[in-house]
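Quick look at coords_20.csv (CSV, C-alpha atoms (C1' of nucleotides)):
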chain,number,residue,atom,x,y,z
A,1118,MET,CA,0.0,0.0,0.0
A,1119,PRO,CA,1.4,3.4,-1.0
A,1120,THR,CA,1.6,6.2,1.6
A,1121,SER,CA,-1.9,7.5,2.0
A,1122,GLY,CA,-1.8,10.8,0.2
A,1123,PRO,CA,-2.2,14.4,1.4
A,1124,PRO,CA,-4.7,15.3,4.1
A,1125,ARG,CA,-8.0,17.0,3.6
A,1126,PRO,CA,-7.4,20.6,2.7
A,1127,THR,CA,-8.7,23.3,5.1
A,1128,ASP,CA,-11.0,26.1,3.9
A,1129,ALA,CA,-8.2,28.6,3.2
A,1130,GLU,CA,-6.2,25.9,1.5
A,1131,LEU,CA,-9.0,25.0,-0.7
A,1132,GLY,CA,-9.4,28.6,-1.8
A,1133,ILE,CA,-5.8,28.5,-2.9
A,1134,LEU,CA,-6.1,25.2,-4.6
A,1135,ARG,CA,-9.0,26.5,-6.6
A,1136,VAL,CA,-6.8,29.3,-7.9
A,1137,LEU,CA,-4.1,26.8,-8.8
A,1138,TRP,CA,-6.5,24.5,-10.7
A,1139,GLN,CA,-7.8,27.4,-12.6
A,1140,ARG,CA,-4.6,29.2,-13.4
A,1141,GLY,CA,-2.2,26.3,-13.5
A,1142,PRO,CA,1.3,26.7,-11.8
A,1143,SER,CA,1.5,30.2,-10.3
A,1144,THR,CA,3.6,32.4,-8.1
A,1145,VAL,CA,2.5,33.6,-4.7
A,1146,ARG,CA,1.9,37.0,-6.2
A,1147,GLU,CA,-0.4,35.6,-8.8
A,1148,VAL,CA,-2.4,33.6,-6.3
A,1149,GLN,CA,-2.7,36.5,-4.1
A,1150,GLU,CA,-4.0,38.8,-6.8
A,1151,ALA,CA,-6.6,36.1,-7.8
A,1152,LEU,CA,-7.8,35.7,-4.2
A,1153,ASN,CA,-8.1,39.5,-3.9
A,1154,GLN,CA,-10.8,39.5,-6.5
A,1155,ASP,CA,-13.0,37.8,-3.9
A,1156,LYS,CA,-11.6,38.9,-0.6
A,1157,PRO,CA,-8.6,41.0,0.6
A,1158,THR,CA,-5.8,38.7,1.5
A,1159,GLY,CA,-2.3,39.8,2.6
A,1160,TYR,CA,0.7,38.7,0.6
A,1161,THR,CA,2.6,37.0,3.4
A,1162,THR,CA,-0.6,35.2,4.4
A,1163,VAL,CA,-0.8,33.5,1.1
A,1164,LEU,CA,3.0,32.8,1.2
A,1165,LYS,CA,2.8,31.3,4.6
A,1166,THR,CA,-0.2,29.1,3.7
A,1167,LEU,CA,1.6,27.9,0.6
A,1168,GLN,CA,4.6,27.0,2.6
A,1169,ILE,CA,2.5,24.9,5.0
A,1170,MET,CA,0.7,23.3,2.1
A,1171,THR,CA,4.1,22.3,0.7
A,1172,GLU,CA,4.9,20.6,3.9
A,1173,LYS,CA,1.6,18.8,3.9
A,1174,GLY,CA,2.1,17.7,0.3
A,1175,LEU,CA,-0.9,19.6,-1.0
A,1176,VAL,CA,1.2,21.5,-3.5
A,1177,ARG,CA,4.6,21.2,-5.1
A,1178,ARG,CA,7.1,24.0,-5.3
A,1179,ASN,CA,9.4,24.8,-8.2
A,1180,GLU,CA,12.3,26.9,-6.9
A,1181,GLN,CA,14.1,27.5,-10.2
A,1182,GLN,CA,13.0,31.1,-10.4
A,1183,ARG,CA,13.4,33.6,-7.7
A,1184,ALA,CA,9.6,33.8,-7.4
A,1185,HIS,CA,8.8,30.2,-6.6
A,1186,VAL,CA,6.1,28.5,-8.7
A,1187,TYR,CA,3.5,26.4,-7.0
A,1188,GLU,CA,1.2,23.9,-8.4
A,1189,ALA,CA,-1.5,21.6,-7.0
A,1190,GLU,CA,-0.2,18.1,-6.1
A,1191,LEU,CA,-3.5,16.5,-6.9
A,1192,ALA,CA,-5.7,17.2,-9.9
A,1193,GLN,CA,-9.0,18.9,-9.1
A,1194,HIS,CA,-11.0,15.8,-9.8
A,1195,GLN,CA,-8.9,13.8,-7.4
A,1196,THR,CA,-9.5,16.2,-4.6
A,1197,GLN,CA,-13.2,16.4,-5.5
A,1198,ARG,CA,-13.4,12.6,-5.2
A,1199,GLN,CA,-11.7,12.7,-1.9
A,1200,LEU,CA,-14.0,15.3,-0.5
A,1201,VAL,CA,-17.2,13.8,-1.7
A,1202,SER,CA,-16.2,10.4,-0.5
A,1203,ASP,CA,-15.5,11.9,2.8
A,1204,LEU,CA,-18.9,13.6,3.0
A,1205,LEU,CA,-20.6,10.4,1.8
A,1206,ASN,CA,-19.2,8.4,4.6
A,1207,ARG,CA,-19.3,11.0,7.4
A,1208,VAL,CA,-22.8,12.4,6.7
A,1209,PHE,CA,-24.7,10.2,4.3
A,1210,ASP,CA,-23.8,6.7,5.5
A,1211,GLY,CA,-22.7,5.9,2.0
A,1212,SER,CA,-26.0,6.6,0.4
A,1213,ALA,CA,-25.3,8.3,-3.0
A,1214,SER,CA,-29.0,8.6,-3.8
A,1215,ASN,CA,-29.6,10.5,-0.5
A,1216,LEU,CA,-26.7,12.8,-1.3
A,1217,LEU,CA,-28.0,13.5,-4.8
A,1218,MET,CA,-31.4,14.3,-3.5
A,1219,HIS,CA,-30.1,16.9,-1.1
A,1220,ALA,CA,-27.8,18.3,-3.8
A,1221,LEU,CA,-30.7,18.9,-6.1
A,1222,ASN,CA,-32.9,20.3,-3.5
A,1223,SER,CA,-30.3,22.7,-2.2
A,1224,LYS,CA,-29.9,24.4,-5.5
A,1225,LYS,CA,-31.9,27.4,-6.5
A,1226,VAL,CA,-32.4,26.1,-10.0
A,1227,THR,CA,-31.5,22.9,-11.8
A,1228,SER,CA,-31.7,23.0,-15.6
A,1229,HIS,CA,-33.0,20.3,-17.8
A,1230,GLU,CA,-29.6,20.1,-19.3
A,1231,GLU,CA,-28.1,19.2,-16.0
A,1232,LEU,CA,-30.7,16.6,-15.2
A,1233,SER,CA,-30.2,14.8,-18.5
A,1234,GLN,CA,-26.5,15.1,-18.0
A,1235,ILE,CA,-27.0,13.2,-14.7
A,1236,ARG,CA,-29.0,10.6,-16.6
A,1237,ASP,CA,-26.1,10.2,-19.0
A,1238,ILE,CA,-23.8,9.5,-16.1
A,1239,LEU,CA,-26.1,6.9,-14.7
A,1240,ASP,CA,-26.4,5.2,-18.1
A,1241,GLU,CA,-22.7,5.2,-18.4
A,1242,PHE,CA,-22.2,3.9,-15.0
A,1243,GLU,CA,-24.8,1.1,-15.3
A,1244,ARG,CA,-23.4,-0.1,-18.6
A,1245,GLY,CA,-19.7,0.1,-17.8
A,1246,GLY,CA,-20.2,-1.6,-14.5
A,1247,LYS,CA,-17.2,0.4,-13.2
B,1463,MET,CA,-33.9,38.0,6.9
B,1464,PRO,CA,-33.8,35.6,9.9
B,1465,THR,CA,-30.6,35.0,11.7
B,1466,SER,CA,-28.6,32.6,9.7
B,1467,GLY,CA,-28.8,29.4,11.7
B,1468,PRO,CA,-26.1,27.3,13.4
B,1469,PRO,CA,-22.6,27.1,11.9
B,1470,ARG,CA,-21.1,24.1,10.1
B,1471,PRO,CA,-20.4,21.4,12.7
B,1472,THR,CA,-16.9,20.2,13.1
B,1473,ASP,CA,-15.8,16.6,12.9
B,1474,ALA,CA,-16.2,15.7,16.5
B,1475,GLU,CA,-19.5,17.6,16.7
B,1476,LEU,CA,-20.8,15.7,13.7
B,1477,GLY,CA,-20.0,12.4,15.5
B,1478,ILE,CA,-22.2,13.5,18.4
B,1479,LEU,CA,-25.0,14.7,16.1
B,1480,ARG,CA,-25.1,11.3,14.4
B,1481,VAL,CA,-25.7,9.7,17.8
B,1482,LEU,CA,-28.4,12.2,18.6
B,1483,TRP,CA,-30.2,11.7,15.3
B,1484,GLN,CA,-30.0,7.9,15.8
B,1485,ARG,CA,-31.0,7.8,19.4
B,1486,GLY,CA,-33.2,10.8,19.8
B,1487,PRO,CA,-32.8,13.1,22.9
B,1488,SER,CA,-30.0,11.6,25.0
B,1489,THR,CA,-27.9,12.3,28.1
B,1490,VAL,CA,-24.2,12.8,28.0
B,1491,ARG,CA,-23.7,9.3,29.4
B,1492,GLU,CA,-25.8,7.8,26.6
B,1493,VAL,CA,-24.0,9.7,23.9
B,1494,GLN,CA,-20.6,8.8,25.4
B,1495,GLU,CA,-21.5,5.1,25.5
B,1496,ALA,CA,-22.7,5.2,21.9
B,1497,LEU,CA,-19.5,6.9,20.8
B,1498,ASN,CA,-17.4,4.3,22.7
B,1499,GLN,CA,-18.6,1.6,20.3
B,1500,ASP,CA,-16.5,3.2,17.7
B,1501,LYS,CA,-13.7,5.0,19.5
B,1502,PRO,CA,-12.8,5.5,23.2
B,1503,THR,CA,-14.0,8.9,24.2
B,1504,GLY,CA,-13.8,10.4,27.7
B,1505,TYR,CA,-17.0,11.4,29.5
B,1506,THR,CA,-16.0,15.0,30.1
B,1507,THR,CA,-14.8,15.3,26.6
B,1508,VAL,CA,-18.4,14.6,25.4
B,1509,LEU,CA,-19.8,16.8,28.1
B,1510,LYS,CA,-17.6,19.8,27.1
B,1511,THR,CA,-18.3,19.4,23.5
B,1512,LEU,CA,-22.0,19.3,24.1
B,1513,GLN,CA,-21.8,22.4,26.2
B,1514,ILE,CA,-20.0,24.2,23.3
B,1515,MET,CA,-22.5,22.9,20.8
B,1516,THR,CA,-25.3,24.3,23.0
B,1517,GLU,CA,-23.6,27.8,22.8
B,1518,LYS,CA,-23.3,27.4,19.1
B,1519,GLY,CA,-27.0,26.5,18.7
B,1520,LEU,CA,-26.2,23.0,17.3
B,1521,VAL,CA,-28.1,21.3,20.1
B,1522,ARG,CA,-30.8,22.2,22.6
B,1523,ARG,CA,-30.5,21.2,26.3
B,1524,ASN,CA,-33.3,20.2,28.6
B,1525,GLU,CA,-32.3,20.7,32.2
B,1526,GLN,CA,-35.4,19.3,33.9
B,1527,GLN,CA,-33.6,16.2,35.0
B,1528,ARG,CA,-30.3,16.2,36.8
B,1529,ALA,CA,-28.7,14.5,33.9
B,1530,HIS,CA,-29.4,17.1,31.2
B,1531,VAL,CA,-31.0,15.8,28.0
B,1532,TYR,CA,-29.6,17.0,24.7
B,1533,GLU,CA,-31.2,16.9,21.2
B,1534,ALA,CA,-30.1,18.1,17.8
B,1535,GLU,CA,-31.3,21.5,16.9
B,1536,LEU,CA,-31.6,20.7,13.2
B,1537,ALA,CA,-33.0,17.5,11.8
B,1538,GLN,CA,-30.5,15.2,10.1
B,1539,HIS,CA,-31.8,16.1,6.6
B,1540,GLN,CA,-31.4,19.8,7.3
B,1541,THR,CA,-27.8,19.4,8.2
B,1542,GLN,CA,-27.2,17.1,5.3
B,1543,ARG,CA,-28.6,19.7,3.0
B,1544,GLN,CA,-26.4,22.4,4.6
B,1545,LEU,CA,-23.3,20.3,4.2
B,1546,VAL,CA,-23.9,19.2,0.7
B,1547,SER,CA,-24.8,22.7,-0.4
B,1548,ASP,CA,-21.6,23.9,1.1
B,1549,LEU,CA,-19.5,21.2,-0.7
B,1550,LEU,CA,-21.4,22.0,-3.9
B,1551,ASN,CA,-20.4,25.6,-3.8
B,1552,ARG,CA,-16.9,25.3,-2.4
B,1553,VAL,CA,-15.7,22.4,-4.4
B,1554,PHE,CA,-17.9,21.7,-7.4
B,1555,ASP,CA,-18.9,25.2,-8.5
B,1556,GLY,CA,-22.5,24.2,-8.1
B,1557,SER,CA,-22.4,21.3,-10.6
B,1558,ALA,CA,-24.6,18.6,-9.1
B,1559,SER,CA,-23.9,16.2,-12.0
B,1560,ASN,CA,-20.2,16.6,-11.3
B,1561,LEU,CA,-20.8,15.9,-7.7
B,1562,LEU,CA,-22.8,12.8,-8.4
B,1563,MET,CA,-20.2,11.4,-10.8
B,1564,HIS,CA,-17.6,11.6,-8.1
B,1565,ALA,CA,-19.9,10.2,-5.5
B,1566,LEU,CA,-20.6,7.1,-7.7
B,1567,ASN,CA,-17.0,6.6,-8.6
B,1568,SER,CA,-15.8,6.9,-5.1
B,1569,LYS,CA,-17.9,4.0,-3.9
B,1570,LYS,CA,-16.7,0.5,-3.9
B,1571,VAL,CA,-19.9,-0.9,-5.2
B,1572,THR,CA,-23.2,0.7,-6.2
B,1573,SER,CA,-26.1,-1.6,-6.5
B,1574,HIS,CA,-28.7,-1.6,-9.2
B,1575,GLU,CA,-31.3,-0.8,-6.6
B,1576,GLU,CA,-29.5,2.4,-5.7
B,1577,LEU,CA,-29.1,3.4,-9.3
B,1578,SER,CA,-32.8,3.0,-10.0
B,1579,GLN,CA,-33.5,4.8,-6.7
B,1580,ILE,CA,-31.5,7.7,-8.1
B,1581,ARG,CA,-33.5,7.6,-11.3
B,1582,ASP,CA,-36.7,7.8,-9.3
B,1583,ILE,CA,-35.4,10.9,-7.6
B,1584,LEU,CA,-34.6,12.5,-11.0
B,1585,ASP,CA,-38.1,11.7,-12.3
B,1586,GLU,CA,-39.7,13.1,-9.2
B,1587,PHE,CA,-37.6,16.2,-9.5
B,1588,GLU,CA,-38.3,16.8,-13.2
B,1589,ARG,CA,-42.0,16.3,-12.8
B,1590,GLY,CA,-42.5,18.3,-9.7
B,1591,GLY,CA,-40.5,21.2,-10.8
B,1592,LYS,CA,-39.8,21.6,-7.1
C,1071,DT,C1',27.2,51.6,-6.3
C,1072,DT,C1',23.4,52.5,-4.0
C,1073,DG,C1',18.6,53.0,-3.2
C,1074,DA,C1',14.0,51.2,-4.2
C,1075,DC,C1',11.7,47.2,-4.7
C,1076,DA,C1',10.2,42.2,-4.6
C,1077,DC,C1',10.7,37.9,-2.7
C,1078,DT,C1',11.4,34.1,1.0
C,1079,DA,C1',11.8,32.7,5.7
C,1080,DC,C1',10.4,32.9,10.2
C,1081,DG,C1',8.2,34.0,14.5
C,1082,DA,C1',4.3,34.9,16.8
C,1083,DA,C1',-0.4,36.4,18.0
C,1084,DA,C1',-5.4,35.3,17.9
C,1085,DT,C1',-8.7,32.0,17.4
C,1086,DC,C1',-10.6,27.4,17.2
C,1087,DC,C1',-10.7,22.4,18.1
C,1088,DT,C1',-10.2,18.5,21.0
C,1089,DT,C1',-9.1,16.5,25.0
C,1090,DC,C1',-9.0,15.8,29.9
C,1091,DG,C1',-8.4,16.9,35.0
C,1092,DT,C1',-10.3,19.0,39.0
C,1093,DA,C1',-13.7,21.1,41.9
C,1094,DG,C1',-18.2,21.4,43.4
C,1095,DT,C1',-22.9,19.7,44.0
C,1096,DA,C1',-26.5,16.5,44.1
C,1097,DT,C1',-28.2,11.6,44.7
C,1098,DT,C1',-28.2,7.1,46.5
C,1099,DA,C1',-26.9,3.1,49.4
C,1100,DT,C1',-25.4,1.4,53.7
D,1337,DA,C1',-25.5,10.4,58.6
D,1338,DT,C1',-21.9,9.4,55.8
D,1339,DA,C1',-19.4,7.4,52.1
D,1340,DA,C1',-19.6,6.2,47.4
D,1341,DT,C1',-21.3,7.6,43.2
D,1342,DA,C1',-22.9,10.5,39.2
D,1343,DC,C1',-23.4,14.7,37.3
D,1344,DT,C1',-22.2,19.7,35.8
D,1345,DA,C1',-19.1,23.6,35.3
D,1346,DC,C1',-14.8,25.2,34.4
D,1347,DG,C1',-10.0,25.9,33.2
D,1348,DA,C1',-6.4,24.7,30.7
D,1349,DA,C1',-3.1,22.2,27.7
D,1350,DG,C1',-1.7,20.9,23.1
D,1351,DG,C1',-2.3,21.3,18.5
D,1352,DA,C1',-4.2,23.2,14.1
D,1353,DT,C1',-5.6,27.3,11.5
D,1354,DT,C1',-5.3,31.9,9.9
D,1355,DT,C1',-3.3,36.1,9.8
D,1356,DC,C1',0.4,39.4,9.7
D,1357,DG,C1',4.9,41.9,10.8
D,1358,DT,C1',9.8,41.9,10.5
D,1359,DA,C1',14.2,40.5,9.0
D,1360,DG,C1',17.2,39.1,5.5
D,1361,DT,C1',18.5,38.7,0.7
D,1362,DG,C1',18.5,39.2,-4.1
D,1363,DT,C1',17.4,42.2,-8.4
D,1364,DC,C1',17.4,46.2,-11.1
D,1365,DA,C1',17.5,50.9,-12.5
D,1366,DA,C1',19.4,55.5,-11.9
Can you turn what I pasted into structure tokens?
Amino acid sequence: MPTSGPPRPTDAELGILRVLWQRGPSTVREVQEALNQDKPTGYTTVLKTLQIMTEKGLVRRNEQQRAHVYEAELAQHQTQRQLVSDLLNRVFDGSASNLLMHALNSKKVTSHEELSQIRDILDEFERGGK
Amino acid sequence: MPTSGPPRPTDAELGILRVLWQRGPSTVREVQEALNQDKPTGYTTVLKTLQIMTEKGLVRRNEQQRAHVYEAELAQHQTQRQLVSDLLNRVFDGSASNLLMHALNSKKVTSHEELSQIRDILDEFERGGK
DNA sequence: TTGACACTACGAAATCCTTCGTAGTATTAT
DNA sequence: ATAATACTACGAAGGATTTCGTAGTGTCAA
């Protein structure tokens, strides 16, 4: 068994990861400016958090340039899977149907497109077995 | 606008809420013994956490008896909705289909019953508009 | 070369989370 | 009545999270 991957990211860490997924590898400055669109965040706050995330294995750091370049260790979909799996177990006793029901109900609107997209996923899933 | 409800429960708090949802209104002792099935937990640890949860509005306390009786402030389904809505926004950019896909993939097995149950939910949702 | 500027490293404060020990009070059994 | 027992309240320790200031160092233009 391989070593069991990075831990669940905290709220602030997730905010940074979202930027990295969207922008790709980025400097502290770039991340900070992206976060500032939403909410004022000090430069050294972002720096420190990224340093901690490096220790945790949530991001990887390239030190070739003076301004280090950070990138997410896991792809977005891997973290998404980790977090939804966590919620499924901790809150929904593993019931995916229950989870979906609450997801649909919690949204203001759900388009017909999205619903048929979900049906496609179900078909795919039922056929492929996997 | 009404005051915006209790905060997101932490991990330990969620463990206690699960017991309260399952057992109904319970004393500290009862909660502690239930938690001990899974993982050794000190009595005063449970007590203290329940006191904090009372301050946060996560549980309600009935002090009629010497051993106070606690019950969850929100029904299980309300908290489930809160948490899934949170995850949907913070991690999935509101895409329910994306969330479902990861939920299905993250499970070891998904029965045909569960899949058709999910289809029922979709039908219900599409028809009712609600 | 030297001053302005940008970047990293680090320490530390403020808050939260989790855990547990101790003190105080009430109940129960002998 | 008194000792054992059960319960609440409270403080505090230890760790994690989030934030920011300061120091040190490198880069670049005038």
Least-squares superpose chain B on chain A across all ordered C-alpha pairs, then write out what you get as a compact mmCIF listing (two decimals) with C-alpha atoms, in the frame of the given file.
# COMPACT_ATOMS: atom_id res chain seq x y z
CA MET B 1463 -0.03 -0.13 0.70
CA PRO B 1464 1.31 3.28 -0.47
CA THR B 1465 1.43 6.14 1.90
CA SER B 1466 -1.99 7.56 2.15
CA GLY B 1467 -1.75 10.82 0.26
CA PRO B 1468 -2.23 14.44 1.37
CA PRO B 1469 -4.74 15.29 4.11
CA ARG B 1470 -8.10 17.00 3.62
CA PRO B 1471 -7.44 20.66 2.76
CA THR B 1472 -8.85 23.28 5.00
CA ASP B 1473 -11.03 26.14 3.89
CA ALA B 1474 -8.35 28.63 3.17
CA GLU B 1475 -6.19 25.96 1.50
CA LEU B 1476 -9.09 24.99 -0.73
CA GLY B 1477 -9.39 28.65 -1.86
CA ILE B 1478 -5.76 28.56 -2.97
CA LEU B 1479 -6.15 25.17 -4.69
CA ARG B 1480 -9.06 26.51 -6.73
CA VAL B 1481 -6.80 29.28 -8.02
CA LEU B 1482 -4.08 26.80 -8.83
CA TRP B 1483 -6.41 24.47 -10.70
CA GLN B 1484 -7.80 27.47 -12.65
CA ARG B 1485 -4.55 29.14 -13.42
CA GLY B 1486 -2.10 26.31 -13.55
CA PRO B 1487 1.36 26.67 -11.84
CA SER B 1488 1.45 30.15 -10.29
CA THR B 1489 3.60 32.36 -8.07
CA VAL B 1490 2.49 33.61 -4.73
CA ARG B 1491 1.87 37.05 -6.23
CA GLU B 1492 -0.40 35.55 -8.90
CA VAL B 1493 -2.36 33.51 -6.42
CA GLN B 1494 -2.70 36.50 -4.07
CA GLU B 1495 -4.00 38.71 -6.88
CA ALA B 1496 -6.51 36.06 -7.93
CA LEU B 1497 -7.72 35.69 -4.36
CA ASN B 1498 -8.06 39.50 -4.02
CA GLN B 1499 -10.86 39.47 -6.60
CA ASP B 1500 -12.98 37.82 -4.04
CA LYS B 1501 -11.63 38.85 -0.66
CA PRO B 1502 -8.66 41.01 0.48
CA THR B 1503 -5.88 38.69 1.42
CA GLY B 1504 -2.38 39.74 2.53
CA TYR B 1505 0.64 38.64 0.50
CA THR B 1506 2.44 36.94 3.36
CA THR B 1507 -0.71 35.28 4.41
CA VAL B 1508 -0.79 33.48 1.00
CA LEU B 1509 2.91 32.87 1.16
CA LYS B 1510 2.71 31.21 4.63
CA THR B 1511 -0.19 29.12 3.71
CA LEU B 1512 1.51 27.88 0.61
CA GLN B 1513 4.59 27.03 2.58
CA ILE B 1514 2.42 24.93 4.99
CA MET B 1515 0.62 23.30 2.11
CA THR B 1516 4.02 22.33 0.65
CA GLU B 1517 4.88 20.56 4.01
CA LYS B 1518 1.55 18.86 3.92
CA GLY B 1519 2.07 17.61 0.34
CA LEU B 1520 -0.96 19.58 -1.00
CA VAL B 1521 1.21 21.50 -3.44
CA ARG B 1522 4.60 21.10 -5.10
CA ARG B 1523 7.08 24.03 -5.29
CA ASN B 1524 9.46 24.78 -8.10
CA GLU B 1525 12.31 26.93 -6.88
CA GLN B 1526 14.12 27.48 -10.18
CA GLN B 1527 12.99 31.05 -10.39
CA ARG B 1528 13.35 33.55 -7.61
CA ALA B 1529 9.65 33.79 -7.32
CA HIS B 1530 8.86 30.14 -6.53
CA VAL B 1531 6.17 28.50 -8.68
CA TYR B 1532 3.54 26.42 -6.95
CA GLU B 1533 1.16 23.79 -8.44
CA ALA B 1534 -1.46 21.51 -6.96
CA GLU B 1535 -0.24 18.12 -6.08
CA LEU B 1536 -3.54 16.43 -6.89
CA ALA B 1537 -5.68 17.22 -9.88
CA GLN B 1538 -8.98 18.96 -9.15
CA HIS B 1539 -11.00 15.77 -9.83
CA GLN B 1540 -8.87 13.79 -7.41
CA THR B 1541 -9.54 16.18 -4.62
CA GLN B 1542 -13.18 16.39 -5.50
CA ARG B 1543 -13.40 12.66 -5.27
CA GLN B 1544 -11.60 12.68 -1.89
CA LEU B 1545 -13.94 15.29 -0.51
CA VAL B 1546 -17.12 13.79 -1.73
CA SER B 1547 -16.11 10.35 -0.55
CA ASP B 1548 -15.42 11.80 2.82
CA LEU B 1549 -18.85 13.58 2.99
CA LEU B 1550 -20.47 10.35 1.76
CA ASN B 1551 -19.08 8.37 4.61
CA ARG B 1552 -19.25 10.94 7.38
CA VAL B 1553 -22.63 12.34 6.69
CA PHE B 1554 -24.67 10.13 4.39
CA ASP B 1555 -23.63 6.64 5.48
CA GLY B 1556 -22.54 5.95 1.96
CA SER B 1557 -25.95 6.58 0.34
CA ALA B 1558 -25.21 8.32 -2.95
CA SER B 1559 -28.93 8.64 -3.80
CA ASN B 1560 -29.42 10.41 -0.49
CA LEU B 1561 -26.58 12.67 -1.27
CA LEU B 1562 -27.90 13.53 -4.68
CA MET B 1563 -31.39 14.29 -3.39
CA HIS B 1564 -29.97 16.85 -1.04
CA ALA B 1565 -27.69 18.27 -3.65
CA LEU B 1566 -30.68 18.84 -6.03
CA ASN B 1567 -32.87 20.28 -3.36
CA SER B 1568 -30.26 22.60 -2.09
CA LYS B 1569 -29.89 24.35 -5.42
CA LYS B 1570 -31.90 27.31 -6.38
CA VAL B 1571 -32.52 26.11 -9.85
CA THR B 1572 -31.49 22.96 -11.72
CA SER B 1573 -31.80 23.08 -15.42
CA HIS B 1574 -33.14 20.39 -17.66
CA GLU B 1575 -29.75 20.15 -19.28
CA GLU B 1576 -28.16 19.26 -15.97
CA LEU B 1577 -30.80 16.70 -15.19
CA SER B 1578 -30.30 14.93 -18.50
CA GLN B 1579 -26.52 15.25 -17.97
CA ILE B 1580 -27.03 13.34 -14.73
CA ARG B 1581 -29.02 10.70 -16.54
CA ASP B 1582 -26.20 10.27 -19.02
CA ILE B 1583 -23.83 9.67 -16.16
CA LEU B 1584 -26.16 6.99 -14.70
CA ASP B 1585 -26.41 5.24 -18.09
CA GLU B 1586 -22.68 5.32 -18.53
CA PHE B 1587 -22.22 3.95 -15.07
CA GLU B 1588 -24.75 1.12 -15.43
CA ARG B 1589 -23.39 0.04 -18.76
CA GLY B 1590 -19.76 0.20 -17.96
CA GLY B 1591 -20.01 -1.54 -14.71
CA LYS B 1592 -17.03 0.60 -13.79
Problem set entry | Neighbour residues at most 6 Å from (-10.4, 14.6, 30.1) (all atoms listed in the file) as a PyMOL selection string | (chain B and resi 1504+1506-1507) or (chain C and resi 1089-1091)
Per residue of chain B within 9 Å of chain D, record the nearest atom pair and its distance in Å to one decimal, counting only C-alpha atoms (C1' of nucleotides), with rows in chain order and ascending residue number, as a tab-separated table.
residue	atom	partner	partner_atom	distance
B:Leu1509	CA	D:DT1344	C1'	8.6
B:Arg1528	CA	D:DC1343	C1'	7.1
B:Ala1529	CA	D:DC1343	C1'	6.3
B:His1530	CA	D:DC1343	C1'	8.9
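In this structure, atom CA of A:Glu1150 sits 23.1 Å away from atom CA of A:Gly1174.
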Could you give me, as CSV, every chain A residue with an atom at most 7 Å from chain B, plus its closest atom pair and distance in Å to one decimal, counting only C-alpha atoms, rows ordered by chain then number?
residue,atom,partner,partner_atom,distance
A:Gln1197,CA,B:Val1553,CA,6.6
A:Arg1198,CA,B:His1564,CA,5.2
A:Val1201,CA,B:Ala1565,CA,5.9
A:Ser1202,CA,B:Ser1568,CA,5.8
A:Val1208,CA,B:Gln1542,CA,6.6
A:Ala1213,CA,B:Ala1565,CA,6.2
A:Ser1214,CA,B:Ile1580,CA,5.1
A:Leu1217,CA,B:Leu1562,CA,6.4
A:Met1218,CA,B:Ile1583,CA,6.7
A:His1219,CA,B:Arg1543,CA,5.2
A:Ala1220,CA,B:Val1546,CA,6.0
A:Leu1221,CA,B:Ala1558,CA,6.8
A:Ser1223,CA,B:Ser1547,CA,5.8
A:Glu1231,CA,B:Ser1559,CA,6.5
A:Gln1234,CA,B:Ser1559,CA,6.6
A:Ile1235,CA,B:Ser1559,CA,5.1
A:Ile1238,CA,B:Met1563,CA,6.7
Please build the interface table for chain C against chain A with a cut-off of 9 Å, listing for each qualifying residue the nearest atom pair and the distance in Å to one decimal; count all atoms listed in the file, order rows by chain and increasing number, and write it as JSON lines.
{"residue": "C:DA1076", "atom": "C1'", "partner": "A:Ala1184", "partner_atom": "CA", "distance": 8.9}
{"residue": "C:DC1077", "atom": "C1'", "partner": "A:Ala1184", "partner_atom": "CA", "distance": 6.3}
{"residue": "C:DT1078", "atom": "C1'", "partner": "A:Leu1164", "partner_atom": "CA", "distance": 8.5}
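Taking atom CA of B:Ser1488 as the reference point, atom CA of B:Glu1535 is found at 12.9 Å.
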Exercise. Excluding same-chain residues fewer than 2 positions from B:Thr1489, what lies within 12 Å of it counting all atoms listed in the file, as a PyMOL selection string?
Worked result: (chain B and resi 1478+1481-1482+1485-1487+1491-1496+1505+1508-1509+1512-1513+1522-1533) or (chain D and resi 1343)
Exercise. In Å to one decimal, how far is atom CA of A:Pro1123 from atom CA of A:Lys1173?
Worked result: 6.3 Å
